[in-house]
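Enquirer: This is the content of structure28.cif (mmCIF, C-alpha atoms and all ligand atoms):
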data_model
#
loop_
_atom_site.label_atom_id
_atom_site.label_comp_id
_atom_site.auth_asym_id
_atom_site.auth_seq_id
_atom_site.Cartn_x
_atom_site.Cartn_y
_atom_site.Cartn_z
CA MET F 1 -30.56 -30.99 5.94
CA THR F 2 -28.77 -29.34 8.84
CA PRO F 3 -29.64 -29.98 12.52
CA ALA F 4 -32.03 -27.55 14.22
CA GLY F 5 -30.38 -24.22 15.04
CA GLU F 6 -27.73 -24.90 12.44
CA PHE F 7 -27.35 -23.59 8.92
CA GLU F 8 -24.83 -23.31 6.14
CA ILE F 9 -22.09 -20.77 6.74
CA PHE F 10 -20.26 -19.37 3.73
CA LEU F 11 -16.65 -18.32 4.23
CA MET F 12 -15.52 -16.03 1.46
CA ALA F 13 -12.04 -16.65 0.05
CA PRO F 14 -9.92 -14.78 -2.46
CA PRO F 15 -10.54 -16.68 -5.76
CA GLY F 16 -7.64 -19.12 -6.17
CA LEU F 17 -7.06 -19.63 -2.43
CA GLU F 18 -10.22 -21.58 -1.56
CA LYS F 19 -8.23 -24.76 -0.89
CA GLU F 20 -6.05 -23.04 1.72
CA LEU F 21 -9.09 -21.53 3.46
CA CYS F 22 -10.78 -24.94 3.45
CA GLU F 23 -7.70 -26.41 5.15
CA GLU F 24 -7.73 -23.63 7.74
CA ALA F 25 -11.43 -24.18 8.47
CA ARG F 26 -10.85 -27.93 8.87
CA GLU F 27 -7.87 -27.37 11.20
CA ARG F 28 -9.97 -25.00 13.29
CA GLY F 29 -12.59 -27.70 13.74
CA PHE F 30 -15.39 -26.30 11.58
CA ARG F 31 -17.80 -29.01 10.44
CA ASN F 32 -18.29 -30.23 6.85
CA PRO F 33 -15.86 -27.83 5.18
CA LYS F 34 -16.42 -27.86 1.43
CA GLN F 35 -14.42 -25.90 -1.07
CA ILE F 36 -16.51 -24.08 -3.69
CA LEU F 37 -15.83 -21.27 -6.14
CA GLY F 38 -15.03 -18.10 -4.18
CA GLY F 39 -15.09 -19.70 -0.76
CA VAL F 40 -15.81 -22.54 1.58
CA THR F 41 -19.04 -23.73 3.17
CA VAL F 42 -19.24 -25.18 6.68
CA THR F 43 -22.20 -25.97 8.90
CA GLY F 44 -22.88 -24.59 12.35
CA GLY F 45 -24.89 -22.14 14.41
CA TRP F 46 -24.24 -18.64 15.71
CA THR F 47 -21.32 -19.75 17.88
CA GLU F 48 -19.51 -20.99 14.77
CA VAL F 49 -20.36 -17.74 12.99
CA TRP F 50 -18.69 -15.75 15.77
CA ARG F 51 -15.75 -18.11 15.89
CA ALA F 52 -15.21 -17.98 12.11
CA ASN F 53 -15.09 -14.18 12.26
CA LEU F 54 -12.74 -14.25 15.21
CA GLU F 55 -10.35 -17.04 14.22
CA LEU F 56 -10.08 -17.53 10.46
CA ARG F 57 -7.17 -15.62 8.99
CA GLY F 58 -7.91 -16.34 5.35
CA CYS F 59 -11.62 -15.57 5.31
CA GLY F 60 -12.79 -12.26 3.80
CA ARG F 61 -16.37 -12.37 5.11
CA VAL F 62 -18.66 -14.79 6.92
CA LEU F 63 -22.20 -15.14 5.56
CA ALA F 64 -24.87 -16.91 7.59
CA ARG F 65 -27.31 -18.55 5.18
CA ILE F 66 -30.38 -18.38 7.37
CA GLY F 67 -33.15 -19.54 5.04
CA SER F 68 -34.45 -19.95 1.53
CA PHE F 69 -37.72 -20.03 -0.39
CA ARG F 70 -38.82 -20.41 -4.01
CA ALA F 71 -39.77 -17.26 -5.89
CA MET F 72 -40.84 -17.36 -9.53
CA HIS F 73 -41.83 -13.71 -9.85
CA LEU F 74 -41.58 -10.46 -7.89
CA ALA F 75 -45.06 -10.66 -6.35
CA GLN F 76 -44.21 -14.10 -4.95
CA LEU F 77 -40.85 -12.84 -3.71
CA ASP F 78 -42.64 -10.00 -1.96
CA LYS F 79 -45.20 -12.34 -0.34
CA ARG F 80 -42.62 -14.86 0.86
CA ALA F 81 -40.21 -12.19 2.06
CA ARG F 82 -43.05 -10.83 4.20
CA LYS F 83 -43.48 -14.24 5.82
CA PHE F 84 -39.77 -14.76 6.46
CA PRO F 85 -38.94 -14.98 10.22
CA TRP F 86 -36.94 -11.72 10.34
CA ALA F 87 -37.63 -11.33 14.07
CA ASP F 88 -35.31 -14.30 14.73
CA VAL F 89 -32.33 -12.29 13.54
CA LEU F 90 -33.11 -8.60 13.04
CA ARG F 91 -33.79 -5.79 15.49
CA LYS F 92 -36.31 -3.02 14.95
CA ASP F 93 -33.78 -0.41 16.08
CA VAL F 94 -30.99 -1.51 13.71
CA PRO F 95 -31.06 -0.30 10.08
CA VAL F 96 -30.40 -2.85 7.34
CA HIS F 97 -29.48 -2.79 3.70
CA VAL F 98 -30.53 -5.48 1.22
CA GLU F 99 -28.47 -6.59 -1.79
CA ALA F 100 -29.64 -9.15 -4.33
CA SER F 101 -28.19 -11.14 -7.20
CA CYS F 102 -30.08 -13.20 -9.80
CA THR F 103 -28.77 -16.17 -11.77
CA ARG F 104 -30.68 -18.54 -14.10
CA SER F 105 -33.97 -17.32 -12.62
CA ARG F 106 -37.25 -15.91 -13.82
CA ILE F 107 -36.62 -12.95 -11.54
CA TYR F 108 -33.71 -11.27 -13.30
CA HIS F 109 -33.80 -7.70 -12.02
CA SER F 110 -31.61 -7.74 -8.93
CA GLU F 111 -32.34 -4.18 -7.86
CA ALA F 112 -36.10 -4.77 -8.01
CA ALA F 113 -35.64 -7.98 -5.99
CA ALA F 114 -33.57 -6.17 -3.33
CA GLN F 115 -36.15 -3.40 -3.16
CA ARG F 116 -39.05 -5.87 -2.64
CA ILE F 117 -37.23 -7.69 0.14
CA GLY F 118 -36.22 -4.43 1.80
CA ARG F 119 -39.76 -3.13 1.69
CA ALA F 120 -41.06 -6.42 3.13
CA ILE F 121 -38.62 -6.15 6.05
CA ALA F 122 -39.42 -2.50 6.73
CA GLU F 123 -43.21 -2.89 6.46
CA GLU F 124 -43.72 -6.30 8.10
CA PHE F 125 -41.00 -6.23 10.73
CA GLY F 126 -40.04 -2.58 11.12
CA SER F 127 -36.25 -2.41 10.66
CA PRO F 128 -35.35 0.87 8.95
CA LEU F 129 -33.64 0.66 5.56
CA ASP F 130 -30.39 2.52 4.98
CA LYS F 131 -27.95 1.87 2.18
CA ASN F 132 -25.07 2.72 4.53
CA ALA F 133 -26.35 0.36 7.25
CA GLY F 134 -23.82 -1.70 9.20
CA LEU F 135 -25.96 -4.78 8.63
CA VAL F 136 -26.32 -6.16 5.10
CA ILE F 137 -28.74 -8.87 4.00
CA LYS F 138 -27.82 -10.67 0.82
CA ALA F 139 -30.48 -12.39 -1.27
CA ARG F 140 -29.12 -14.77 -3.89
CA ILE F 141 -31.73 -15.91 -6.38
CA GLU F 142 -30.46 -18.95 -8.27
CA ASP F 143 -32.63 -21.30 -10.32
CA ASP F 144 -35.69 -19.53 -8.81
CA LEU F 145 -34.54 -20.33 -5.26
CA CYS F 146 -33.99 -17.26 -3.08
CA THR F 147 -31.38 -17.82 -0.35
CA ILE F 148 -31.22 -15.23 2.40
CA SER F 149 -27.82 -14.61 4.01
CA ILE F 150 -26.62 -12.16 6.58
CA ASP F 151 -23.19 -10.66 6.21
CA THR F 152 -22.07 -11.22 9.79
CA SER F 153 -18.65 -9.58 9.35
CA GLY F 154 -19.45 -6.00 8.40
CA GLN F 155 -16.14 -4.50 7.35
CA SER F 156 -14.07 -6.95 5.31
CA LEU F 157 -12.10 -9.28 7.57
CA HIS F 158 -8.73 -8.32 6.10
CA LYS F 159 -9.20 -5.23 8.26
CA ARG F 160 -7.84 -6.63 11.48
CA GLY F 161 -8.23 -3.27 13.21
CA HIS F 162 -4.51 -2.61 13.75
CA LYS F 163 -3.33 -1.14 10.49
CA GLU F 164 -3.77 2.60 10.26
CA ALA F 165 -0.82 3.10 7.99
CA ILE F 166 -0.64 1.40 4.60
CA GLY F 167 2.02 1.57 1.89
CA LYS F 168 1.78 1.96 -1.88
CA ALA F 169 0.59 -1.53 -2.81
CA PRO F 170 -0.33 -3.29 0.42
CA MET F 171 -1.11 -6.97 0.52
CA ARG F 172 -4.44 -7.83 2.13
CA GLU F 173 -3.96 -9.60 5.45
CA THR F 174 -6.30 -12.43 4.40
CA LEU F 175 -4.27 -13.02 1.26
CA ALA F 176 -0.97 -12.77 3.14
CA ALA F 177 -2.16 -15.37 5.66
CA LEU F 178 -3.23 -17.80 2.91
CA PHE F 179 0.02 -17.31 0.95
CA LEU F 180 1.96 -18.04 4.17
CA ARG F 181 -0.13 -21.19 4.53
CA ARG F 182 0.51 -22.21 0.90
CA CYS F 183 4.24 -21.86 1.69
CA GLY F 184 3.78 -24.37 4.52
CA PHE F 185 4.23 -21.79 7.29
CA ASN F 186 2.68 -22.76 10.62
CA GLY F 187 4.45 -20.43 13.02
CA ALA F 188 7.37 -22.72 13.81
CA GLU F 189 10.08 -21.02 11.71
CA PRO F 190 11.42 -17.50 11.25
CA VAL F 191 10.14 -15.36 8.38
CA VAL F 192 11.98 -12.66 6.45
CA ASP F 193 10.29 -10.17 4.11
CA PRO F 194 13.00 -8.02 2.46
CA MET F 195 10.47 -5.66 0.77
CA CYS F 196 8.01 -5.56 3.61
CA GLY F 197 6.19 -2.25 2.91
CA SER F 198 3.71 -1.81 5.76
CA GLY F 199 4.78 -5.17 7.22
CA THR F 200 1.76 -7.33 6.38
CA PHE F 201 3.55 -10.69 5.98
CA VAL F 202 5.79 -10.17 8.99
CA ILE F 203 2.94 -9.11 11.28
CA GLU F 204 0.66 -11.94 10.10
CA ALA F 205 3.46 -14.47 10.63
CA ALA F 206 4.19 -13.13 14.12
CA GLU F 207 0.49 -13.25 15.05
CA ILE F 208 0.19 -16.84 13.80
CA ALA F 209 3.24 -17.88 15.82
CA ALA F 210 1.90 -16.08 18.90
CA GLY F 211 -1.50 -17.80 18.65
CA LEU F 212 -3.36 -14.48 18.40
CA ASN F 213 -6.81 -14.42 16.86
CA PRO F 214 -7.01 -12.12 13.82
CA GLY F 215 -10.37 -10.64 14.90
CA ARG F 216 -9.41 -9.97 18.51
CA SER F 217 -9.50 -6.16 18.27
CA ARG F 218 -12.36 -5.32 15.92
CA GLY F 219 -16.14 -5.18 15.85
CA PHE F 220 -18.44 -7.33 13.70
CA ALA F 221 -21.88 -6.93 12.17
CA PHE F 222 -23.19 -9.95 14.14
CA GLU F 223 -23.06 -7.77 17.25
CA LEU F 224 -26.09 -5.93 15.74
CA LEU F 225 -28.28 -9.03 15.48
CA ALA F 226 -31.23 -10.00 17.68
CA GLY F 227 -30.22 -12.39 20.44
CA PHE F 228 -26.55 -11.38 20.34
CA ASP F 229 -25.09 -12.37 23.70
CA ALA F 230 -22.36 -9.86 24.53
CA GLY F 231 -21.21 -11.82 27.61
CA ALA F 232 -20.79 -15.10 25.72
CA TRP F 233 -18.96 -13.28 22.93
CA GLU F 234 -16.59 -11.60 25.37
CA ASN F 235 -15.94 -15.01 26.86
CA MET F 236 -15.06 -16.48 23.47
CA ARG F 237 -12.91 -13.52 22.54
CA SER F 238 -10.86 -13.57 25.73
CA LYS F 239 -10.36 -17.35 25.73
CA ALA F 240 -7.42 -17.45 23.27
CA LYS F 241 -4.22 -18.77 24.79
CA PRO F 242 -1.25 -16.84 23.44
CA LEU F 243 1.88 -18.89 22.61
CA VAL F 244 5.48 -17.78 23.02
CA PRO F 245 7.30 -18.12 19.68
CA GLY F 246 10.92 -19.26 19.85
CA HIS F 247 12.17 -16.74 17.29
CA ALA F 248 11.48 -13.34 15.76
CA PHE F 249 10.03 -12.19 12.42
CA PHE F 250 11.97 -9.83 10.17
CA GLY F 251 11.00 -7.13 7.70
CA SER F 252 13.09 -4.67 5.75
CA ASP F 253 12.41 -2.14 3.03
CA ARG F 254 14.52 0.58 1.45
CA ASP F 255 11.83 3.12 2.20
CA ALA F 256 12.08 4.80 5.62
CA GLY F 257 8.36 5.68 5.62
CA ALA F 258 7.43 2.02 5.03
CA ILE F 259 9.55 0.94 7.98
CA ARG F 260 7.95 3.55 10.23
CA MET F 261 4.51 2.30 9.17
CA ALA F 262 5.44 -1.35 9.68
CA LYS F 263 6.72 -0.62 13.21
CA ASP F 264 3.57 1.33 14.08
CA ASN F 265 1.36 -1.43 12.70
CA ALA F 266 3.26 -4.10 14.65
CA GLN F 267 2.95 -2.00 17.81
CA ARG F 268 -0.82 -1.67 17.41
CA ALA F 269 -1.11 -5.41 16.71
CA GLY F 270 0.78 -6.16 19.92
CA VAL F 271 3.64 -7.97 18.16
CA ALA F 272 6.32 -5.25 18.32
CA GLY F 273 8.37 -7.48 20.66
CA LEU F 274 8.32 -10.33 18.12
CA THR F 275 9.19 -8.33 15.03
CA VAL F 276 12.32 -6.56 13.80
CA PHE F 277 12.03 -3.95 11.04
CA ARG F 278 15.04 -2.33 9.40
CA GLN F 279 15.50 0.19 6.62
CA GLN F 280 17.78 -1.37 4.02
CA SER F 281 17.96 -2.31 0.37
CA VAL F 282 17.62 -5.96 -0.67
CA SER F 283 21.28 -6.06 -1.67
CA ASP F 284 22.25 -5.39 1.99
CA LEU F 285 20.00 -8.15 3.32
CA GLN F 286 21.59 -10.74 5.63
CA PRO F 287 19.88 -13.78 7.16
CA PRO F 288 19.09 -13.36 10.85
CA ASP F 289 20.97 -15.50 13.38
CA GLY F 290 19.33 -18.81 14.16
CA PRO F 291 17.74 -21.54 12.06
CA PRO F 292 16.67 -20.99 8.45
CA GLY F 293 13.01 -20.46 7.63
CA LEU F 294 10.90 -18.77 5.00
CA VAL F 295 11.64 -15.69 2.90
CA ILE F 296 8.34 -14.33 1.60
CA VAL F 297 8.36 -11.31 -0.62
CA ASN F 298 6.02 -9.29 -2.77
CA PRO F 299 8.26 -7.01 -4.86
CA PRO F 300 6.83 -4.12 -6.89
CA TYR F 301 4.90 -5.58 -9.89
CA GLY F 302 5.23 -2.76 -12.36
CA THR F 303 1.53 -2.83 -13.21
CA ARG F 304 0.87 -0.97 -10.00
CA ILE F 305 4.01 0.96 -9.11
CA GLY F 306 7.21 1.78 -10.99
CA ASP F 307 8.48 0.80 -14.44
CA ARG F 308 9.11 -2.71 -15.75
CA LYS F 309 12.78 -2.48 -16.81
CA PRO F 310 14.44 -1.61 -13.49
CA LEU F 311 12.22 -4.25 -11.92
CA HIS F 312 14.07 -7.02 -13.75
CA ALA F 313 17.32 -5.69 -12.27
CA LEU F 314 15.71 -5.50 -8.82
CA HIS F 315 14.49 -9.11 -9.08
CA GLY F 316 17.97 -10.15 -10.23
CA ALA F 317 19.53 -8.46 -7.17
CA LEU F 318 16.99 -10.15 -4.89
CA GLY F 319 17.71 -13.57 -6.38
CA GLN F 320 21.49 -13.07 -6.11
CA THR F 321 21.26 -12.04 -2.47
CA LEU F 322 19.08 -15.00 -1.57
CA LEU F 323 21.14 -17.54 -3.53
CA GLY F 324 24.37 -16.15 -2.08
CA ARG F 325 23.35 -15.83 1.60
CA PHE F 326 20.19 -17.77 2.37
CA GLY F 327 21.24 -21.43 2.06
CA GLY F 328 18.65 -23.68 3.75
CA TRP F 329 15.85 -21.09 3.49
CA ARG F 330 12.73 -21.52 1.32
CA VAL F 331 11.45 -18.64 -0.79
CA GLY F 332 7.88 -17.60 -1.64
CA LEU F 333 7.73 -14.86 -4.27
CA ILE F 334 4.48 -13.12 -5.13
CA THR F 335 4.21 -11.42 -8.49
CA THR F 336 1.89 -10.87 -11.44
CA GLU F 337 4.70 -11.37 -13.95
CA ALA F 338 6.25 -14.75 -14.74
CA SER F 339 9.14 -12.94 -16.45
CA LEU F 340 9.95 -11.02 -13.24
CA ALA F 341 9.98 -14.25 -11.25
CA LYS F 342 12.35 -15.72 -13.86
CA SER F 343 14.68 -12.72 -13.53
CA THR F 344 15.46 -13.73 -9.94
CA GLY F 345 17.40 -16.76 -11.20
CA LEU F 346 15.95 -18.69 -8.24
CA PRO F 347 15.03 -22.38 -8.69
CA LEU F 348 11.27 -21.65 -8.64
CA ALA F 349 8.68 -24.38 -9.14
CA PRO F 350 5.79 -23.51 -11.49
CA SER F 351 3.28 -21.37 -9.64
CA GLY F 352 -0.06 -22.81 -8.56
CA ALA F 353 -3.37 -21.34 -9.75
CA PRO F 354 -3.30 -17.53 -9.97
CA VAL F 355 -5.12 -15.59 -7.30
CA LEU F 356 -7.41 -12.73 -8.27
CA HIS F 357 -6.55 -9.63 -6.28
CA GLY F 358 -7.59 -6.07 -7.08
CA GLY F 359 -8.18 -6.96 -10.75
CA LEU F 360 -4.75 -8.61 -11.02
CA ARG F 361 -3.78 -12.25 -11.45
CA VAL F 362 -1.23 -12.75 -8.69
CA MET F 363 1.04 -15.82 -8.59
CA LEU F 364 2.99 -17.38 -5.78
CA TYR F 365 6.28 -18.95 -6.90
CA GLN F 366 8.11 -21.16 -4.43
CA THR F 367 11.50 -22.77 -4.04
CA GLY F 368 12.46 -25.73 -1.90
CA LYS F 369 15.34 -25.19 0.55
CA LEU F 370 18.02 -23.17 -1.23
CA PRO F 371 21.39 -24.92 -1.60
C1 LIG F 401 4.47 -4.23 -3.41
S1 LIG F 401 5.29 -3.41 -2.11
C2 LIG F 401 5.21 -4.55 -0.77
C3 LIG F 401 3.96 -4.39 0.01
C4 LIG F 401 3.92 -5.16 1.29
N1 LIG F 401 3.83 -6.60 1.05
C5 LIG F 401 2.76 -4.68 2.15
O1 LIG F 401 1.87 -5.47 2.45
O2 LIG F 401 2.69 -3.49 2.47
C6 LIG F 401 6.98 -3.46 -2.58
C7 LIG F 401 7.93 -2.81 -1.62
O3 LIG F 401 9.27 -3.01 -2.11
C8 LIG F 401 10.06 -1.92 -1.66
N2 LIG F 401 11.30 -1.88 -2.46
C9 LIG F 401 11.45 -1.56 -3.76
N3 LIG F 401 12.75 -1.67 -4.11
C10 LIG F 401 13.43 -2.09 -3.03
C11 LIG F 401 14.80 -2.41 -2.77
N4 LIG F 401 15.72 -2.30 -3.70
N5 LIG F 401 15.13 -2.84 -1.53
C12 LIG F 401 14.19 -2.95 -0.56
N6 LIG F 401 12.89 -2.64 -0.74
C13 LIG F 401 12.50 -2.23 -1.97
C14 LIG F 401 9.14 -0.72 -1.84
O4 LIG F 401 9.57 0.36 -1.01
C15 LIG F 401 7.77 -1.31 -1.44
O5 LIG F 401 7.50 -1.04 -0.09
#
Can you dump the structure from the file as structure tokens?
Expert:
Amino acid sequence: MTPAGEFEIFLMAPPGLEKELCEEARERGFRNPKQILGGVTVTGGWTEVWRANLELRGCGRVLARIGSFRAMHLAQLDKRARKFPWADVLRKDVPVHVEASCTRSRIYHSEAAAQRIGRAIAEEFGSPLDKNAGLVIKARIEDDLCTISIDTSGQSLHKRGHKEAIGKAPMRETLAALFLRRCGFNGAEPVVDPMCGSGTFVIEAAEIAAGLNPGRSRGFAFELLAGFDAGAWENMRSKAKPLVPGHAFFGSDRDAGAIRMAKDNAQRAGVAGLTVFRQQSVSDLQPPDGPPGLVIVNPPYGTRIGDRKPLHALHGALGQTLLGRFGGWRVGLITTEASLAKSTGLPLAPSGAPVLHGGLRVMLYQTGKLP
């Protein structure tokens, strides 16, 4: 049971990084964080829903689980969906779209279930239905229990609202933030990404160090809900206290276009003054002045861009450069191929659980401080 006005909030995580998102939610003061497959649940009310969307770097979407009822067959689903208190959350002038999934239930036809719920909303309450609506209601029917959730995020949260330009195989911001966390990064050390593409790791690291909220510049689906208080939201959004990091964050790439994109993205994110991007090949990489920190890198995998053979040579060159020049630094290497990681010659610990990303099984390999 949750206290009145509170409900379960589901924070979606990339499969394999639930633990890191759970840690982030706990650090941010969300109540009862529990790690489950594909995400984390916490409890709270609408304020926590807003805050999760605004603050959590690793979360892909925030679902508000606003109610549930038993439904053994479609006629019962229809009847109970008509009685559901839609007026508490929906507006008659805002179109909605309903999606459903069925597991271990007598109702097994998810499209029919979605259609019944949609029709109940349109006929009983009056919200128009539109499959391109900005507001999506998700009905999950499991063991004959239908749980109604609202996707309060809208566009996936990896879209921070700053990145117009993306490279060939960009890392999602949510994933980048959770990989940085798995590497123990908390903003207090410099970061170098020698194959930075559009600059995702470097920009995320700079934002973390600067205490910027990931959702500070974008809109959310919860703004379309009944009872949304624009003034209170503006208050929450503008409350963040930026920090002044003691060092910069560095990205390089051999591709001039990638460096242009990374600079533009950093500019839009408001961290241009904290980041340094340079066009250069990994073999020309030098550590920046100052204390050692974290090298995090996501070289080409081969399954997505380029051929496998030259990639072993590229990983070898990366490893040599880091072993030769980056004493005292830690390395986090993201790849789908254990053999490519091995080609670096770096003292890598076995990777943790693979992370599912775009149909690939991505691994993070880490070193301790290099000798
Ligand atoms: C998988 S992408 C990195 C994507 C990046 N993490 C992002 O979020 O956009 C790999 C990058 O390695 C760069 N690259 C390939 N060979 C390189 C080399 N020898 N030196 C430097 N960069 C290289 C490519 O130009 C590409 O941008």
Enquirer: Output as JSON lines one row per residue of chain F within 7 Å of ligand LIG 401 (chain F): the closest atom pair and its distance in Å to one decimal place, counting all atoms listed in the file, sorted by chain and residue number ascending.
Expert:
{"residue": "F:Ile166", "atom": "CA", "partner": "F:LIG401", "partner_atom": "O2", "distance": 6.3}
{"residue": "F:Gly167", "atom": "CA", "partner": "F:LIG401", "partner_atom": "O2", "distance": 5.1}
{"residue": "F:Lys168", "atom": "CA", "partner": "F:LIG401", "partner_atom": "S1", "distance": 6.4}
{"residue": "F:Ala169", "atom": "CA", "partner": "F:LIG401", "partner_atom": "C1", "distance": 4.8}
{"residue": "F:Pro170", "atom": "CA", "partner": "F:LIG401", "partner_atom": "O2", "distance": 3.7}
{"residue": "F:Met171", "atom": "CA", "partner": "F:LIG401", "partner_atom": "O1", "distance": 3.9}
{"residue": "F:Arg172", "atom": "CA", "partner": "F:LIG401", "partner_atom": "O1", "distance": 6.7}
{"residue": "F:Pro194", "atom": "CA", "partner": "F:LIG401", "partner_atom": "C12", "distance": 6.0}
{"residue": "F:Met195", "atom": "CA", "partner": "F:LIG401", "partner_atom": "O3", "distance": 4.1}
{"residue": "F:Cys196", "atom": "CA", "partner": "F:LIG401", "partner_atom": "C4", "distance": 4.7}
{"residue": "F:Gly197", "atom": "CA", "partner": "F:LIG401", "partner_atom": "O5", "distance": 3.5}
{"residue": "F:Ser198", "atom": "CA", "partner": "F:LIG401", "partner_atom": "O2", "distance": 3.8}
{"residue": "F:Gly199", "atom": "CA", "partner": "F:LIG401", "partner_atom": "O2", "distance": 5.5}
{"residue": "F:Thr200", "atom": "CA", "partner": "F:LIG401", "partner_atom": "O1", "distance": 4.3}
{"residue": "F:Phe201", "atom": "CA", "partner": "F:LIG401", "partner_atom": "N1", "distance": 6.4}
{"residue": "F:Ser252", "atom": "CA", "partner": "F:LIG401", "partner_atom": "C12", "distance": 6.6}
{"residue": "F:Asp253", "atom": "CA", "partner": "F:LIG401", "partner_atom": "N6", "distance": 3.8}
{"residue": "F:Arg254", "atom": "CA", "partner": "F:LIG401", "partner_atom": "C12", "distance": 4.1}
{"residue": "F:Asp255", "atom": "CA", "partner": "F:LIG401", "partner_atom": "O4", "distance": 4.8}
{"residue": "F:Ala258", "atom": "CA", "partner": "F:LIG401", "partner_atom": "O5", "distance": 6.0}
{"residue": "F:Gln280", "atom": "CA", "partner": "F:LIG401", "partner_atom": "C12", "distance": 6.0}
{"residue": "F:Ser281", "atom": "CA", "partner": "F:LIG401", "partner_atom": "N5", "distance": 3.4}
{"residue": "F:Val282", "atom": "CA", "partner": "F:LIG401", "partner_atom": "N5", "distance": 4.1}
{"residue": "F:Ser283", "atom": "CA", "partner": "F:LIG401", "partner_atom": "N5", "distance": 6.9}
{"residue": "F:Val297", "atom": "CA", "partner": "F:LIG401", "partner_atom": "N1", "distance": 6.7}
{"residue": "F:Asn298", "atom": "CA", "partner": "F:LIG401", "partner_atom": "N1", "distance": 5.2}
{"residue": "F:Pro299", "atom": "CA", "partner": "F:LIG401", "partner_atom": "C6", "distance": 4.4}
{"residue": "F:Pro300", "atom": "CA", "partner": "F:LIG401", "partner_atom": "C1", "distance": 4.2}
{"residue": "F:Tyr301", "atom": "CA", "partner": "F:LIG401", "partner_atom": "C1", "distance": 6.6}
{"residue": "F:Leu314", "atom": "CA", "partner": "F:LIG401", "partner_atom": "N4", "distance": 6.0}
Enquirer: At a cut-off of 7 Å, using all atoms listed in the file, what residues contact segment 130-132 of chain F? Leave out same-chain residues fewer than 2 positions from it and give the result as a short mmCIF file (atom, residue, chain, number, x, y, z; two decimals) with C-alpha atoms, in the coordinates of the input.
Expert:
data_model
loop_
_atom_site.label_atom_id
_atom_site.label_comp_id
_atom_site.auth_asym_id
_atom_site.auth_seq_id
_atom_site.Cartn_x
_atom_site.Cartn_y
_atom_site.Cartn_z
CA PRO F 95 -31.06 -0.30 10.08
CA VAL F 96 -30.40 -2.85 7.34
CA HIS F 97 -29.48 -2.79 3.70
CA PRO F 128 -35.35 0.87 8.95
CA GLY F 134 -23.82 -1.70 9.20
#
Enquirer: Name all residues at most 10 Å from Gly16 of chain F (count all atoms listed in the file; drop same-chain ones fewer than 6 positions away) and give them as a list in words.
Expert: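 Near neighbours after the sequence-gap exclusion: Leu37, Gly38, Gly39, Gly352, Ala353, Pro354, Val355, Leu356, His357, Arg361, Val362 and Met363 of chain F.
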Enquirer: State, in Å with one decimal place, the distance from atom CA of Ser153 of chain F to atom CA of Thr47 of chain F.
Expert: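 Atom-to-atom, atom CA of Ser153 of chain F and atom CA of Thr47 of chain F are spaced 13.5 Å apart.
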Enquirer: Counting only C-alpha atoms, which of F:Leu17, F:Ala112, F:Leu77, F:Val192 gets nearest to Ile296 of chain F?
Expert: F:Val192
Enquirer: Return the single residue from F:Gln267, F:Asn53, F:Gln366, F:Ser105 that is closest to Phe220 of chain F, with distances computed using only C-alpha atoms.
Expert: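 Closest residue, counting only C-alpha atoms: F:Asn53.
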